[in-house]
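Scroll down for the structure; my scribbles are underneath it.
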Amino acid sequence: MVTNATSFSRSGLSDWIIQRFSAVILAAYTLFILAVLGATPELDYESWRAVFSQNSVRLFSIISLFALCGHTWVGMWTVGTDYLTGRQLGGKGTFIRLIYQSFCVLLIAVYLLWGIQIFWGS
Amino acid sequence: MADAVALSVDCAHKNNPYATVCYHVKDTRPVNLDLTTVKFPLPAITSILHRISGVALFFGIGVVLYLLQLSLESEAGFERVTELLRATPVKLMVWLILAGLLYHLIAGIKHLLMDWGLGESREGALRGAQVTLILALVAAVLSWGMIW
């Protein structure tokens with residue numbers, strides 16, 4: 001079995017499951033938001049805010065936010081380890097990929113904290 | 001000639017004085033997947049679009065979170081978002097994010113179905129890719145209508 005220090009769970013199988021599981025949550029959340037937008041064509045501030053201040057929606061949003069973070073990490077890791085390697089970039093491949101992965105982690109952390117602030121605060 | 005030398009050299013040895021020869025030999029071995037000469041079948045195109053849309057969405061999330069925060073912040077913020085959404089560049093950007101999201105969603109569902117073993121034959125994979133592209137096109141047109 002190949003383990004990799006920078007994969008999400010150091011195991012390809014766990015990453016695979018995380019990606020699928022989070023995909024289902026994100027699909028459900030996307031359809032939920034589209035349904036909300038579709039159900040109220042003339043959306044105003046009060047009803048928009050009312051949707052996101054329900055505890056059930058808050059919970060759904062936060063769970064989806066965590067799913068998003070896991071999903072993007074596995075996805076960006078997969079893309080990075082496919083294209084940003086020594087094979088494509090020569091000797092500096094691993095270094096460039098680590099810079100790329102650091103950037104991904106940083107942006108995901110920003111999204112997570114920002115998202116919690118948005119969903120918890122409203 | 002260089003090849004003959006390389007064969008007698010221990011390329012893995014850390015003090016190998018013929019490192020450049022080893023590198024040269026390694027470098028000229030045939031590459032079995034030259035992407036510029038490969039003809040991409042439709043399932044390969046839907047697959048790479050799935051990746052491209054995923055990477056694009058990674059950045060699109062920032063735009064979505066910004067608009068969401070502003071719209072939930074206050075009445076004025078909500079008005080500001082509706083005002084922003086009237087500008088053509090913003091409309092275009094939001095449409096690209098939405099169309100990309102729906103493409104990623106549809107291609108993702110196809111992926112999950114294939115995980116279950118559905119549409120794994122040569123014909124099935126082609127049919128799945130065709131359906132994915134058609135549904136994504138419909139979704140892109142519908143989201144265009146929703147935004148404009």
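Chain labels follow the order of the structure tokens: the first chain is A, the next B, and so on; residue numbering restarts at 1 in every chain, and ligands are counted from 1 in their shown order.
With the cut-off set to 6 Å and only C-alpha atoms counted, chain A residues close to chain B are Tyr45, Arg49 and Ile118 of chain A.
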Quiz prompt | Ile48 (chain B) surroundings by only C-alpha atoms, 12 Å radius, close-in-sequence under 5 positions cut, as a list in words | solution = Val79 of chain A; Phe40, Pro41, Leu42, Pro43, Ser53, Gly54, Val55, Tyr103, His104, Ala107 and Ala129 of chain B
Quiz item: At what distance in Å, to one decimal, does CA of Val110 (chain A) lie from CA of Thr78 (chain A)?
Solution: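 Distance between the two atoms: 20.5 Å.
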Quiz item: DSSP on the backbone: what in region 28-135 of chain B comes out helix (DSSP H, G or I), as a PyMOL selection string?
Solution: chain B and resi 42-73+75-84+88-115+122-135
Quiz prompt | Nearest candidate to Ile17 (chain A) (options A:Arg58, A:Ile116, A:Ala67, A:Gly93; using only C-alpha atoms) | solution =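 Once distances to Ile17 (chain A) are computed over only C-alpha atoms, the minimum belongs to A:Ala67.
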Write out as a CSV table (one decimal) with C-alpha atoms, in the first residue's frame each polymer residue whose atoms come within 8 Å of Val74 (chain A), counting only C-alpha atoms; drop sequence neighbours fewer than 3 positions from it.
```csv
chain,number,residue,atom,x,y,z
A,7,SER,CA,-2.9,13.0,1.3
A,8,PHE,CA,-5.9,13.8,3.5
A,15,ASP,CA,-9.5,9.7,0.7
A,18,ILE,CA,-14.2,11.1,2.0
A,19,GLN,CA,-14.5,12.4,-1.6
A,70,GLY,CA,-12.6,17.7,2.7
A,71,HIS,CA,-13.8,17.5,-0.9
A,77,TRP,CA,-4.4,17.0,-3.9
A,78,THR,CA,-5.3,14.6,-6.7
```
